[in-house]
file final-v2.cif (mmCIF, C-alpha atoms)
data_data
#
loop_
_atom_site.label_atom_id
_atom_site.label_comp_id
_atom_site.auth_asym_id
_atom_site.auth_seq_id
_atom_site.Cartn_x
_atom_site.Cartn_y
_atom_site.Cartn_z
CA MET A 1297 -23.65 24.14 6.37
CA SER A 1298 -20.68 22.76 8.27
CA SER A 1299 -18.15 25.35 9.34
CA PRO A 1300 -15.18 25.77 6.98
CA ARG A 1301 -12.83 24.83 9.82
CA HIS A 1302 -14.73 21.63 10.39
CA PHE A 1303 -14.62 20.75 6.69
CA ASP A 1304 -10.88 21.52 6.58
CA ARG A 1305 -10.42 18.99 9.37
CA ILE A 1306 -12.33 16.37 7.36
CA LEU A 1307 -10.32 17.18 4.25
CA ARG A 1308 -7.12 16.35 6.12
CA TRP A 1309 -8.10 12.68 5.99
CA TYR A 1310 -7.25 12.85 2.26
CA PRO A 1311 -3.61 12.67 1.10
CA LYS A 1312 -1.89 15.99 0.41
CA SER A 1313 -1.51 15.36 -3.33
CA TRP A 1314 -5.23 14.53 -3.60
CA ARG A 1315 -6.19 17.69 -1.67
CA ALA A 1316 -4.07 19.81 -3.99
CA ARG A 1317 -5.82 18.33 -7.02
CA TYR A 1318 -9.46 17.91 -5.89
CA GLY A 1319 -9.73 19.76 -2.56
CA GLU A 1320 -11.22 22.98 -3.96
CA GLY A 1321 -13.81 21.15 -6.07
CA LEU A 1322 -14.89 18.95 -3.16
CA SER A 1323 -15.04 21.97 -0.87
CA ALA A 1324 -17.31 23.80 -3.37
CA LEU A 1325 -19.52 20.70 -3.67
CA VAL A 1326 -19.89 20.45 0.13
CA GLU A 1327 -20.72 24.18 0.32
CA ASP A 1328 -23.37 23.84 -2.41
CA THR A 1329 -24.85 20.67 -0.91
CA TYR A 1330 -25.10 21.88 2.69
CA ARG A 1331 -25.93 25.51 2.03
CA ASP A 1332 -29.12 25.24 4.08
CA GLY A 1333 -28.08 22.89 6.86
CA ALA A 1334 -25.32 21.01 8.60
CA MET A 1335 -23.56 18.08 6.97
CA THR A 1336 -25.09 14.80 8.11
CA ARG A 1337 -22.99 12.59 10.35
CA ARG A 1338 -23.30 9.83 7.76
CA HIS A 1339 -21.87 12.02 4.96
CA ARG A 1340 -19.09 13.18 7.28
CA ARG A 1341 -18.21 9.57 8.00
CA THR A 1342 -18.25 8.59 4.32
CA LEU A 1343 -15.97 11.54 3.51
CA ILE A 1344 -13.50 10.34 6.14
CA VAL A 1345 -13.69 6.76 4.82
CA ALA A 1346 -13.21 8.03 1.25
CA GLY A 1347 -10.16 10.02 2.43
CA LEU A 1348 -8.67 6.96 4.09
CA LYS A 1349 -9.32 4.93 0.93
CA GLU A 1350 -7.43 7.55 -1.09
CA ARG A 1351 -4.54 7.32 1.36
CA ALA A 1352 -4.57 3.51 1.06
CA ARG A 1353 -4.56 3.81 -2.74
CA VAL A 1354 -1.64 6.24 -2.76
CA ALA A 1355 0.30 3.87 -0.49
CA GLY A 1356 -0.64 0.88 -2.63
CA PHE A 1357 -2.67 -0.94 0.02
CA ALA A 1358 -5.85 -0.78 -2.03
CA PRO A 1359 -6.26 -1.53 -5.72
CA GLY A 1360 -7.11 1.23 -8.16
CA ALA A 1361 -3.84 2.87 -9.17
CA SER A 1362 -4.20 4.88 -12.35
CA SER A 1363 -2.10 2.73 -14.67
CA THR A 1364 -0.60 -0.73 -14.81
CA ASN A 1365 2.90 0.80 -14.64
CA GLU A 1366 1.90 2.69 -11.50
CA ARG A 1367 0.70 -0.58 -9.96
CA LEU A 1368 4.06 -2.20 -10.75
CA ARG A 1369 5.92 0.73 -9.20
CA ILE A 1370 3.76 0.85 -6.04
CA GLY A 1371 3.84 -2.95 -5.68
CA SER A 1372 7.66 -3.05 -5.92
CA GLN A 1373 7.92 -0.23 -3.36
CA LEU A 1374 5.71 -2.12 -0.91
CA VAL A 1375 7.90 -5.21 -1.26
CA LEU A 1376 11.02 -3.07 -0.71
CA SER A 1377 9.39 -1.59 2.42
CA GLY A 1378 8.72 -5.12 3.65
CA TRP A 1379 12.34 -6.06 2.99
CA VAL A 1380 13.58 -3.12 5.08
CA LEU A 1381 11.57 -4.51 8.00
CA PHE A 1382 13.25 -7.87 7.36
CA MET A 1383 16.66 -6.19 7.51
CA VAL A 1384 15.90 -4.79 10.97
CA ALA A 1385 14.30 -8.06 12.15
CA GLY A 1386 17.20 -10.06 10.67
CA ALA A 1387 19.76 -8.01 12.60
CA VAL A 1388 17.82 -8.59 15.85
CA PHE A 1389 17.53 -12.31 15.10
CA ALA A 1390 21.25 -12.58 14.23
CA LYS A 1391 22.23 -10.98 17.56
CA PHE A 1392 19.76 -13.09 19.53
CA SER A 1393 20.77 -16.40 17.98
CA GLU A 1394 24.54 -15.89 18.45
CA HIS A 1395 26.24 -19.13 19.62
CA PHE A 1396 22.92 -21.04 19.61
CA ALA A 1397 24.63 -24.22 18.38
CA THR A 1398 26.63 -24.58 21.59
CA ALA A 1399 23.40 -24.82 23.60
CA MET A 1400 21.83 -27.40 21.28
CA PRO A 1401 22.36 -31.15 21.95
CA LEU A 1402 24.38 -32.70 19.15
CA ALA A 1403 21.58 -35.10 18.14
CA HIS A 1404 19.22 -32.20 17.30
CA ARG A 1405 21.73 -29.77 15.89
CA SER A 1406 21.26 -30.60 12.18
CA LEU A 1407 17.70 -29.19 11.77
CA ALA A 1408 18.56 -26.09 13.83
CA ASN A 1409 21.69 -25.53 11.73
CA ALA A 1410 19.83 -26.12 8.46
CA SER A 1411 17.04 -23.68 9.32
CA PHE A 1412 19.52 -21.08 10.59
CA ASP A 1413 21.60 -21.44 7.41
CA ALA A 1414 18.46 -21.09 5.29
CA VAL A 1415 17.69 -17.80 7.06
CA ARG A 1416 21.25 -16.56 6.75
CA TRP A 1417 21.84 -17.44 3.10
CA THR A 1418 18.39 -16.36 1.94
CA GLY A 1419 18.92 -13.05 3.73
CA ALA A 1420 22.29 -12.62 2.00
CA LEU A 1421 20.74 -13.49 -1.38
CA GLY A 1422 17.95 -10.98 -0.76
CA MET A 1423 20.48 -8.24 0.03
CA LEU A 1424 22.33 -9.10 -3.18
CA VAL A 1425 19.10 -8.92 -5.20
CA VAL A 1426 18.17 -5.54 -3.65
CA SER A 1427 21.67 -4.19 -4.33
CA LEU A 1428 21.57 -5.36 -7.98
CA SER A 1429 18.12 -3.78 -8.39
CA ALA A 1430 19.49 -0.49 -7.02
CA LEU A 1431 22.38 -0.74 -9.52
CA MET A 1432 19.85 -1.24 -12.32
CA VAL A 1433 18.15 2.03 -11.40
CA LEU A 1434 21.41 4.04 -11.18
CA PRO A 1435 21.65 4.81 -14.95
CA LEU A 1436 18.11 6.25 -14.79
CA LEU A 1437 19.16 8.48 -11.90
CA ARG A 1438 22.27 9.60 -13.81
CA ARG A 1439 20.10 10.44 -16.85
CA HIS A 1440 17.72 12.34 -14.57
CA PHE A 1441 20.64 14.42 -13.25
CA ARG A 1442 21.91 15.10 -16.76
CA HIS A 1443 18.50 16.52 -17.70
CA GLY A 1444 18.58 18.95 -14.78
CA GLY A 1445 16.56 16.85 -12.37
CA TRP A 1446 19.02 17.23 -9.49
CA ARG A 1447 16.86 19.81 -7.69
CA GLY A 1448 13.85 17.51 -7.36
CA VAL A 1449 15.83 14.69 -5.74
CA GLN A 1450 18.44 16.79 -3.90
CA ARG A 1451 16.67 16.89 -0.51
CA PRO A 1452 15.88 13.15 -0.14
CA LEU A 1453 19.39 12.25 -1.38
CA VAL A 1454 21.13 14.57 1.08
CA ARG A 1455 18.81 13.50 3.92
CA SER A 1456 19.50 9.79 3.41
CA GLY A 1457 23.24 10.46 2.89
CA VAL A 1458 23.46 12.31 6.23
CA ALA A 1459 21.43 9.62 8.06
CA LEU A 1460 23.60 6.87 6.61
CA GLY A 1461 26.81 8.78 7.45
CA VAL A 1462 25.74 9.29 11.09
CA ALA A 1463 24.76 5.62 11.44
CA ALA A 1464 28.04 4.44 9.88
CA ALA A 1465 30.08 6.72 12.18
CA LEU A 1466 28.24 5.45 15.29
CA LEU A 1467 28.68 1.82 14.20
CA LEU A 1468 32.40 2.44 13.65
CA ILE A 1469 32.77 4.00 17.12
CA THR A 1470 30.85 1.03 18.61
CA ALA A 1471 33.08 -1.48 16.81
CA LEU A 1472 36.28 0.32 17.92
CA ARG A 1473 35.02 0.49 21.52
CA ALA A 1474 34.09 -3.21 21.45
CA HIS A 1475 37.72 -4.18 20.77
CA SER A 1476 38.85 -2.82 24.14
CA LEU A 1477 36.10 -4.61 26.13
CA SER A 1478 35.83 -8.16 27.48
CA ALA A 1479 33.12 -10.56 26.32
CA HIS A 1480 31.24 -9.98 29.58
CA GLN A 1481 31.40 -6.18 29.17
CA ARG A 1482 30.22 -6.46 25.56
CA ASN A 1483 27.20 -8.53 26.62
CA ALA A 1484 25.31 -6.23 28.95
CA GLY A 1485 28.13 -6.04 31.51
CA PHE A 1486 29.09 -2.41 30.81
CA THR A 1487 26.20 0.08 30.72
CA PRO A 1488 27.86 2.89 28.66
CA TYR A 1489 28.72 0.39 25.92
CA GLY A 1490 25.15 -1.02 26.02
CA ALA A 1491 23.81 2.51 25.61
CA LEU A 1492 26.17 3.11 22.67
CA VAL A 1493 24.97 -0.10 21.00
CA LEU A 1494 21.34 0.97 21.44
CA VAL A 1495 22.01 4.45 20.01
CA SER A 1496 23.90 2.96 17.04
CA ALA A 1497 21.08 0.47 16.40
CA ALA A 1498 18.48 3.25 16.57
CA ALA A 1499 20.57 5.37 14.17
CA LEU A 1500 20.84 2.44 11.76
CA VAL A 1501 17.08 1.79 11.83
CA LEU A 1502 16.44 5.51 11.31
CA ALA A 1503 18.90 5.56 8.38
CA LEU A 1504 17.12 2.57 6.82
CA VAL A 1505 13.70 4.23 7.18
CA ILE A 1506 14.98 7.56 5.79
CA GLY A 1507 16.78 5.71 2.98
CA LEU A 1508 13.59 3.85 2.07
CA SER A 1509 11.44 6.97 2.12
CA SER A 1510 14.07 8.77 0.00
CA ALA A 1511 14.23 5.87 -2.48
CA ILE A 1512 10.42 5.98 -2.86
CA SER A 1513 10.43 9.75 -3.20
CA ILE A 1514 13.27 9.69 -5.80
CA SER A 1515 11.65 6.86 -7.79
CA ARG A 1516 8.61 9.10 -8.35
CA HIS A 1517 10.83 11.47 -10.32
CA LEU A 1518 12.30 8.79 -12.60
CA SER A 1519 10.71 7.55 -15.81
CA PHE A 1520 10.90 3.77 -15.72
CA SER A 1521 10.43 1.84 -18.94
CA ARG A 1522 7.80 -0.90 -18.92
CA GLN A 1523 10.60 -3.46 -19.37
CA MET A 1524 12.51 -2.21 -16.34
CA LEU A 1525 9.35 -2.05 -14.22
CA THR A 1526 8.53 -5.63 -15.22
CA THR A 1527 12.05 -6.78 -14.26
CA LEU A 1528 11.91 -4.94 -10.91
CA SER A 1529 8.43 -6.32 -10.24
CA ARG A 1530 9.49 -9.91 -10.93
CA THR A 1531 12.45 -9.32 -8.62
CA ALA A 1532 9.97 -8.09 -5.99
CA ILE A 1533 7.97 -11.32 -6.34
CA GLY A 1534 11.21 -13.30 -5.85
CA LEU A 1535 12.09 -11.18 -2.82
CA THR A 1536 8.70 -11.93 -1.25
CA GLY A 1537 9.38 -15.64 -1.85
CA MET A 1538 12.66 -15.19 0.05
CA MET A 1539 10.73 -13.53 2.91
CA VAL A 1540 8.57 -16.67 3.13
CA VAL A 1541 11.69 -18.87 3.28
CA ILE A 1542 13.18 -16.67 6.03
CA VAL A 1543 9.98 -16.72 8.12
CA VAL A 1544 9.70 -20.51 7.78
CA GLY A 1545 13.41 -20.84 8.68
CA VAL A 1546 13.09 -18.63 11.78
CA LEU A 1547 9.95 -20.46 12.99
CA THR A 1548 11.58 -23.88 12.42
CA TRP A 1549 14.68 -22.75 14.31
CA TRP A 1550 12.54 -21.35 17.14
CA VAL A 1551 10.44 -24.51 17.52
CA ASN A 1552 13.60 -26.64 17.45
CA GLU A 1553 15.22 -24.49 20.14
CA ALA A 1554 12.05 -24.56 22.25
CA LEU A 1555 11.91 -28.34 22.05
CA HIS A 1556 15.56 -29.23 22.50
CA ALA A 1557 17.33 -26.21 24.05
CA PRO A 1558 14.68 -24.10 25.83
CA HIS A 1559 17.26 -22.73 28.27
CA PHE A 1560 18.92 -20.90 25.34
CA LEU A 1561 15.69 -18.98 24.63
CA VAL A 1562 15.20 -18.11 28.30
CA ASN A 1563 18.81 -17.00 28.71
CA GLY A 1564 19.08 -15.17 25.40
CA LEU A 1565 18.99 -11.41 24.93
CA GLY A 1566 15.34 -11.35 25.89
CA SER A 1567 15.98 -12.58 29.42
CA GLY A 1568 15.94 -10.22 32.36
CA LEU A 1569 12.62 -8.68 31.39
CA PRO A 1570 9.75 -9.30 33.80
CA PHE A 1571 7.62 -11.16 31.26
CA THR A 1572 10.35 -13.49 30.03
CA SER A 1573 10.06 -16.81 31.74
CA ASN A 1574 9.36 -19.15 28.86
CA VAL A 1575 10.30 -19.95 25.28
CA PHE A 1576 8.81 -16.68 23.96
CA PRO A 1577 11.56 -14.12 24.61
CA PRO A 1578 10.40 -10.57 23.74
CA THR A 1579 13.38 -9.97 21.45
CA LEU A 1580 12.48 -12.96 19.30
CA VAL A 1581 8.75 -12.17 19.42
CA PHE A 1582 9.57 -8.61 18.28
CA ALA A 1583 11.82 -9.82 15.43
CA THR A 1584 9.22 -12.33 14.23
CA ALA A 1585 6.42 -9.75 14.46
CA LEU A 1586 8.51 -7.38 12.31
CA MET A 1587 9.06 -10.19 9.80
CA MET A 1588 5.34 -10.98 9.66
CA LEU A 1589 4.59 -7.28 9.10
CA GLY A 1590 7.23 -7.18 6.37
CA LEU A 1591 5.79 -10.32 4.78
CA GLY A 1592 2.31 -8.73 4.91
CA LEU A 1593 3.64 -5.69 3.02
CA GLY A 1594 5.35 -8.04 0.56
CA VAL A 1595 2.14 -9.99 -0.10
CA VAL A 1596 0.11 -6.79 -0.68
CA GLY A 1597 2.93 -5.56 -2.94
CA VAL A 1598 2.90 -8.80 -4.94
CA ALA A 1599 -0.90 -8.49 -5.33
CA ARG A 1600 -0.40 -4.98 -6.84
CA VAL A 1601 2.44 -6.26 -9.04
CA ILE A 1602 0.32 -9.15 -10.36
CA GLU A 1603 -2.52 -6.72 -11.16
CA GLY A 1604 0.01 -4.57 -13.01
CA LEU A 1605 1.58 -7.49 -14.90
CA ARG A 1606 -1.83 -8.78 -15.97
CA GLY A 1607 -2.90 -5.28 -16.90
CA GLU A 1608 -6.52 -6.10 -16.12
CA HIS A 1609 -9.04 -3.87 -14.44
CA ASP A 1610 -12.68 -2.94 -14.88
CA ILE A 1611 -12.39 0.56 -16.23
CA LEU A 1612 -15.67 1.74 -14.71
CA VAL A 1613 -15.43 0.27 -11.23
CA PRO A 1614 -13.94 2.83 -8.82
CA MET B 945 -22.34 6.98 0.12
CA THR B 946 -24.83 5.68 -2.43
CA THR B 947 -28.51 5.73 -1.53
CA ARG B 948 -30.58 3.49 -3.75
CA THR B 949 -34.25 4.31 -4.12
CA SER B 950 -35.18 1.39 -6.35
CA THR B 951 -34.60 -2.09 -4.98
CA HIS B 952 -35.33 -3.77 -8.32
CA ALA B 953 -32.84 -1.56 -10.15
CA SER B 954 -30.19 -2.13 -7.50
CA LEU B 955 -30.23 -5.85 -8.22
CA LEU B 956 -28.56 -5.12 -11.53
CA GLY B 957 -25.73 -3.35 -9.74
CA ARG B 958 -23.76 -2.10 -12.69
CA GLN B 959 -26.20 0.64 -13.66
CA ASN B 960 -25.85 2.12 -10.17
CA GLU B 961 -22.07 2.18 -10.18
CA PRO B 962 -20.94 5.78 -9.57
CA GLY B 963 -18.64 5.63 -12.62
CA VAL B 964 -21.48 4.67 -14.96
CA LEU B 965 -23.81 7.26 -13.41
CA ILE B 966 -21.25 10.07 -13.76
CA LEU B 967 -20.44 9.18 -17.37
CA THR B 968 -24.16 9.00 -18.19
CA SER B 969 -24.68 12.44 -16.65
CA LEU B 970 -21.69 13.95 -18.46
CA ALA B 971 -22.82 12.44 -21.80
CA THR B 972 -25.21 15.41 -22.16
CA GLY B 973 -22.65 18.07 -21.28
CA THR B 974 -20.07 19.45 -18.87
CA LYS B 975 -21.06 19.56 -15.17
CA HIS B 976 -19.46 20.34 -11.82
CA GLY B 977 -19.86 18.24 -8.66
CA TYR B 978 -23.13 19.69 -7.37
CA ALA B 979 -24.77 19.68 -10.82
CA LEU B 980 -23.68 16.05 -11.23
CA THR B 981 -25.27 14.91 -7.96
CA LYS B 982 -28.55 16.69 -8.78
CA ASP B 983 -28.66 15.32 -12.35
CA ILE B 984 -27.86 11.77 -11.21
CA GLU B 985 -30.55 11.98 -8.54
CA THR B 986 -33.06 13.12 -11.15
CA PHE B 987 -32.47 10.46 -13.78
CA SER B 988 -31.61 7.47 -11.55
CA GLY B 989 -32.96 8.19 -8.08
CA VAL B 990 -29.47 7.55 -6.71
CA SER B 991 -28.05 10.09 -4.26
CA LEU B 992 -24.24 10.09 -4.32
CA GLY B 993 -22.50 11.46 -1.23
CA PRO B 994 -19.59 13.92 -1.75
CA GLY B 995 -16.97 11.32 -0.76
CA THR B 996 -18.33 8.69 -3.18
CA LEU B 997 -18.73 11.21 -6.00
CA TYR B 998 -15.20 12.56 -5.71
CA GLY B 999 -13.74 9.06 -5.28
CA ALA B 1000 -15.35 8.08 -8.59
CA ILE B 1001 -14.32 11.35 -10.26
CA THR B 1002 -10.71 10.70 -9.20
CA ARG B 1003 -10.70 7.19 -10.74
CA LEU B 1004 -12.45 8.31 -13.94
CA GLU B 1005 -10.02 11.18 -14.44
CA GLU B 1006 -7.00 8.96 -13.74
CA ARG B 1007 -8.25 6.53 -16.38
CA GLY B 1008 -8.78 9.32 -18.90
CA LEU B 1009 -12.55 8.83 -19.11
CA ILE B 1010 -13.35 12.36 -17.98
CA ALA B 1011 -11.31 15.56 -18.00
CA PRO B 1012 -11.52 18.84 -16.06
CA THR B 1013 -12.54 21.90 -18.02
CA PRO B 1014 -11.61 25.53 -17.30
CA SER B 1015 -13.57 27.14 -14.51
CA GLU B 1016 -14.00 30.71 -13.29
CA ASP B 1017 -14.86 29.82 -9.70
CA ARG B 1018 -14.03 27.05 -7.19
CA ARG B 1019 -16.51 24.65 -8.78
CA GLN B 1020 -14.56 22.29 -11.02
CA PRO B 1021 -16.53 21.18 -14.10
CA TYR B 1022 -15.77 17.89 -15.86
CA ALA B 1023 -16.38 16.71 -19.42
CA ILE B 1024 -16.57 13.18 -20.79
CA THR B 1025 -13.67 12.23 -23.10
CA SER B 1026 -13.84 10.05 -26.23
CA SER B 1027 -12.51 7.10 -24.17
CA GLY B 1028 -15.24 7.82 -21.64
CA ARG B 1029 -17.89 7.72 -24.35
CA ALA B 1030 -16.52 4.40 -25.61
CA ALA B 1031 -16.50 2.94 -22.07
CA LEU B 1032 -20.05 4.14 -21.42
CA ASP B 1033 -21.17 2.76 -24.78
CA GLN B 1034 -19.77 -0.67 -23.84
CA ALA B 1035 -21.36 -0.57 -20.38
CA VAL B 1036 -24.73 0.41 -21.86
CA ARG B 1037 -24.52 -2.46 -24.37
CA GLU B 1038 -23.75 -4.94 -21.60
CA MET B 1039 -26.68 -3.67 -19.54
CA ARG B 1040 -28.94 -3.77 -22.61
CA VAL B 1041 -28.07 -7.43 -23.27
CA LEU B 1042 -28.98 -8.27 -19.68
CA ALA B 1043 -32.13 -6.13 -19.73
CA ASP B 1044 -33.29 -7.67 -23.04
CA GLU B 1045 -32.64 -11.16 -21.71
CA GLY B 1046 -34.54 -10.39 -18.50
CA ALA B 1047 -37.48 -8.86 -20.42
CA ALA B 1048 -37.61 -11.83 -22.84
CA ARG B 1049 -37.66 -14.34 -20.00
CA LEU B 1050 -40.31 -12.42 -18.12
CA ALA B 1051 -42.42 -12.29 -21.29
CA ARG B 1052 -42.02 -16.06 -21.79
CA GLY B 1053 -43.06 -16.63 -18.19
CA ASP B 1054 -40.18 -19.07 -17.80
CA THR B 1055 -40.79 -20.07 -14.16
CA SER B 1056 -38.16 -22.82 -14.18
CA ALA B 1057 -35.42 -20.19 -14.26
CA THR B 1058 -36.71 -17.93 -11.49
CA THR B 1059 -33.98 -18.79 -9.03
CA ARG B 1060 -31.06 -18.93 -11.47
CA PRO B 1061 -31.09 -15.38 -12.88
CA ARG B 1062 -30.90 -13.91 -9.36
CA ARG B 1063 -27.61 -15.77 -8.77
CA VAL B 1064 -26.23 -14.50 -12.07
CA ILE B 1065 -27.33 -10.92 -11.37
CA VAL B 1066 -25.91 -10.88 -7.85
CA GLY B 1067 -22.63 -12.13 -9.29
CA LEU B 1068 -22.53 -9.20 -11.68
CA ALA B 1069 -23.32 -6.56 -9.06
#
call {"tool": "encode", "arguments": {"input": "final-v2.cif", "output": "structure tokens"}}
result
Amino acid sequence: MSSPRHFDRILRWYPKSWRARYGEGLSALVEDTYRDGAMTRRHRRTLIVAGLKERARVAGFAPGASSTNERLRIGSQLVLSGWVLFMVAGAVFAKFSEHFATAMPLAHRSLANASFDAVRWTGALGMLVVSLSALMVLPLLRRHFRHGGWRGVQRPLVRSGVALGVAAALLLITALRAHSLSAHQRNAGFTPYGALVLVSAAALVLALVIGLSSAISISRHLSFSRQMLTTLSRTAIGLTGMMVVIVVGVLTWWVNEALHAPHFLVNGLGSGLPFTSNVFPPTLVFATALMMLGLGLGVVGVARVIEGLRGEHDILVP
Amino acid sequence: MTTRTSTHASLLGRQNEPGVLILTSLATGTKHGYALTKDIETFSGVSLGPGTLYGAITRLEERGLIAPTPSEDRRQPYAITSSGRAALDQAVREMRVLADEGAARLARGDTSATTRPRRVIVGLA
């Protein structure tokens, strides 16, 4: 049979929670099956594929969650993850597009302004919706604490609190430093300040990622009612709709700039890099790619949510 | 991995689904993984790989159709639950309706429908 070390390596393709629950049984089955010979390459491959499928299921990328409520929860989390990517991409886009109107000829300014406003106001509405959803969950968290559940959520809460605190402190230092600098120094003319901005941005992204992972981890400890899950899931569908509006707005703005003010794209934040010589500045390409990734997560999340809301599945099909 | 030994049987699809095969095997008593694969191979000619078997076991247990039973060694035995029996009963009925319909049509020698049932069956698989 295959060596235990080799099988342990294969087993690592499965998620930790799955290994804890089924690992021993699968290990015994493999031992019994390959007592007299080595595991075939084909079986090894199918075990790895099965492990990856389990990982995809746990993350919500593949259908098959145990209950309709679980599908709603996983679907909403995927949409929230997508929204976090939009927050990062939105910040990059906001910085890149600063003062774009001044570069745009007056005759073509209305469409650029309209698409930019659509991005801005939809983003603000999305943030409001996410904040209200978080407020909706707060009473559940309070109840969880009252019933002695503090220990289970203590680590993710403290972790995200520290990350947020560090990011806020760095942003505050950056803002205070910016006041004493000229416009030229603030815009890549003073290297120490540029480095501080980059560190602050990295800290903010890290805080967002840690905050998201903590929110997902904490939500696993809370008992959501079906009604609340349905409300959160419908909110998630709305949030994905807002992502579509934002992507369309950014693309419309980009095309409009490329057609009527291409020099703005070339001279924006993305300029100066060796591969920036056209209307595809890396900064904007990066922001749009993040948005597309976020939208992809949102669409998969909505698919899980719809499965959960319909409550339909073939009980015997794995 | 599922190895099918009967091409005619595989056209029906549903009867070779790992979930149906596991429930059918457990209908006669509690079994662990290795015993399940051997039993399934004996009665259906289908050889389930360890990854496929445990993937199906995971789904069936999550849906409350099977349940683990106490074990003295590393082998984890499973038993069919009452919901599992009901689900298997429904699946068997569905397959019986299709099998009866197929047998009746074959007996009638209804050649005009020879291409249509294949489309229906493939859709079900």
call {"tool": "residues_around", "arguments": {"input": "final-v2.cif", "residues": "Trp1550 (chain A)", "least_positions_apart": "4", "cutoff": "9 Å", "atoms": "all atoms listed in the file", "output": "list in words"}}
result
Ala1408, Gly1545, Val1546, Ala1554, Leu1555, Leu1561, Val1575 and Leu1580 of chain A
call {"tool": "resolve_selection", "arguments": {"input": "final-v2.cif", "expression": "the PyMOL selection byres ((chain B and resi 962-971) around 6)", "output": "list in words"}}
result
Leu1612 of chain A; Glu961, Thr972, Gly973, Thr974, Ala1000 and Ile1024 of chain B
call {"tool": "closest_residue", "arguments": {"input": "final-v2.cif", "among": "B:Val990, B:Leu997, B:Ala1023, B:Leu1050", "to": "chain A", "atoms": "only C-alpha atoms"}}
result
B:Leu997
call {"tool": "resolve_selection", "arguments": {"input": "final-v2.cif", "expression": "the PyMOL selection byres ((chain B) within 10 of (chain A))", "output": "PyMOL selection string"}}
result
chain B and resi 945-946+958+961-965+967+976-982+992-1009+1017-1021+1028+1031-1032+1035
call {"tool": "resolve_selection", "arguments": {"input": "final-v2.cif", "expression": "the PyMOL selection byres ((chain A and resi 1465) around 12)", "output": "list in words"}}
result
Val1458, Ala1459, Leu1460, Gly1461, Val1462, Ala1463, Ala1464, Leu1466, Leu1467, Leu1468, Ile1469, Thr1470, Ala1471, Leu1472, Leu1492, Val1495, Ser1496, Ala1497, Ala1499, Leu1500 and Ala1503 of chain A
call {"tool": "closest_residue", "arguments": {"input": "final-v2.cif", "among": "B:Lys975, B:Ala1030, B:Glu1038, B:Asp983", "to": "Ala1011 (chain B)", "atoms": "only C-alpha atoms"}}
result
B:Lys975
call {"tool": "atom_distance", "arguments": {"input": "final-v2.cif", "atom1": "CA of Val1598 (chain A)", "atom2": "CA of Ser1372 (chain A)"}}
result
7.5 Å
call {"tool": "closest_residue", "arguments": {"input": "final-v2.cif", "among": "B:Ala1047, B:Val1041, B:Ile1010, B:Ile984", "to": "Thr1025 (chain B)", "atoms": "all atoms listed in the file"}}
result
B:Ile1010
call {"tool": "closest_residue", "arguments": {"input": "final-v2.cif", "among": "A:Arg1522, A:Arg1337, A:Arg1473, A:His1556", "to": "Glu1366 (chain A)", "atoms": "all atoms listed in the file"}}
result
A:Arg1522
call {"tool": "atom_distance", "arguments": {"input": "final-v2.cif", "atom1": "CA of Val1388 (chain A)", "atom2": "CA of Thr1579 (chain A)"}}
result
7.3 Å
call {"tool": "residues_around", "arguments": {"input": "final-v2.cif", "residues": "Val1581 (chain A)", "least_positions_apart": "3", "cutoff": "12 Å", "atoms": "only C-alpha atoms", "output": "number ranges by chain"}}
result
A: 1385, 1388-1389, 1392, 1546-1547, 1550, 1561, 1565-1566, 1571-1572, 1574-1578, 1584-1588
call {"tool": "axis_aligned_box", "arguments": {"input": "final-v2.cif", "around": "region 964-969 of chain B", "padding_each_side": "6 Å", "output": "JSON"}}
result
{"center_x": -22.6, "center_y": 8.6, "center_z": -15.8, "size_x": 16.2, "size_y": 19.8, "size_z": 16.8}
call {"tool": "atom_distance", "arguments": {"input": "final-v2.cif", "atom1": "CA of Gly1534 (chain A)", "atom2": "CA of Val1601 (chain A)"}}
result
11.7 Å
call {"tool": "residues_around", "arguments": {"input": "final-v2.cif", "residues": "Tyr1489 (chain A)", "least_positions_apart": "4", "cutoff": "9 Å", "atoms": "all atoms listed in the file", "output": "VMD selection string"}}
result
chain A and resid 1470 1473 to 1474 1477 1481 to 1482 1484 to 1485 1493 to 1494
call {"tool": "write_last_selection", "arguments": {"input": "final-v2.cif", "atoms": "C-alpha atoms", "output": "mmCIF file, in the frame of the given file"}}
result
data_model
loop_
_atom_site.group_PDB
_atom_site.id
_atom_site.type_symbol
_atom_site.label_atom_id
_atom_site.label_comp_id
_atom_site.auth_asym_id
_atom_site.auth_seq_id
_atom_site.Cartn_x
_atom_site.Cartn_y
_atom_site.Cartn_z
ATOM 1 C CA THR A 1470 30.850 1.030 18.610
ATOM 2 C CA ARG A 1473 35.020 0.490 21.520
ATOM 3 C CA ALA A 1474 34.090 -3.210 21.450
ATOM 4 C CA LEU A 1477 36.100 -4.610 26.130
ATOM 5 C CA GLN A 1481 31.400 -6.180 29.170
ATOM 6 C CA ARG A 1482 30.220 -6.460 25.560
ATOM 7 C CA ALA A 1484 25.310 -6.230 28.950
ATOM 8 C CA GLY A 1485 28.130 -6.040 31.510
ATOM 9 C CA VAL A 1493 24.970 -0.100 21.000
ATOM 10 C CA LEU A 1494 21.340 0.970 21.440
#
call {"tool": "closest_residue", "arguments": {"input": "final-v2.cif", "among": "A:Leu1368, A:Tyr1310, A:Val1454, A:Ala1414", "to": "Ile1602 (chain A)", "atoms": "all atoms listed in the file"}}
result
A:Leu1368
